[in-house]
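Engineer: Can you read through this structure? Questions will come right after.
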Amino acid sequence: MNIKQIAKDTAKTLQSYLTYQALRTVLAQLSETNPPLALWLQRFSADKIQDGEAYLRELFKEKPDLALRIMTVREHIAEEITEFLPEMVRTGIQQANMEHRRQHLERITQISDSTPSPEQENG
């Protein structure tokens with residue numbers, strides 16, 4: 001297990017997700033202030049937002065002002081969440097794991113209860 005590579009891949013995924021969230025924020029703003037531009041951005045962004053950095057490179061070629069705006073919003077979101085994120089991820093994973101284990105235990109307990117024991121079958 002290469003922890004550094006996992007961290008790198010996680011950071012890249014998070015960057016792309018924050019790019020997506022920044023896009024949603026900018027789209028919401030534009031739909032109130034400039035609906036035609038919001039529509040253009042929505043159409044442009046469809047099927048391109050998977051890789052946030054590649055998306056921004058493409059957007060810079062078409063509309064640099066929008067790319068800069070999305071980058072600014074993305075940076076702001078990142079600054080706001082980084083303080084809470086590590087603890088939230090740890091807690092979220094621990095709680096989810098506990099819930100999965102509980103559900104699994106309930107399932108195997110129900111299966112065991114509903115399966116007749118050898119004594120019941122021979123009795």
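By order of appearance in the structure tokens: chains A, B, ..., then residues from 1 within every chain, and ligands from 1 in the order shown.
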If you count only C-alpha atoms, which residues fall within 10 Å of A:Met71, apart from same-chain ones fewer than 4 positions away, as a PyMOL selection string?

Structural biologist: chain A and resi 18-19+22-23+52-53+56+65-67+75-77

Engineer: Between atom CA of A:Glu62 and atom CA of A:Thr33, what is the distance in Å, rounded to a tenth?

Structural biologist: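 The value is 20.0 Å.
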
Engineer: For atom CA of A:Leu85 and atom CA of A:Thr13, quote the distance in Å rounded to one decimal.

Structural biologist: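 Atom CA of A:Thr13 lies at a distance of 14.0 Å from atom CA of A:Leu85.
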
Engineer: Calculate how many Å separate atom CA of A:Ser31 from atom CA of A:Glu79, rounding to one decimal.

Structural biologist: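 Between atom CA of A:Ser31 and atom CA of A:Glu79 the gap is 25.0 Å.
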
Engineer: Which residues, written as a PyMOL selection string, have at least one atom at most 12 Å from A:Ala11, with only C-alpha atoms counted and residues fewer than 5 positions away on the same chain left out?

Structural biologist: chain A and resi 4-6+16-18+52+78+82+85-86
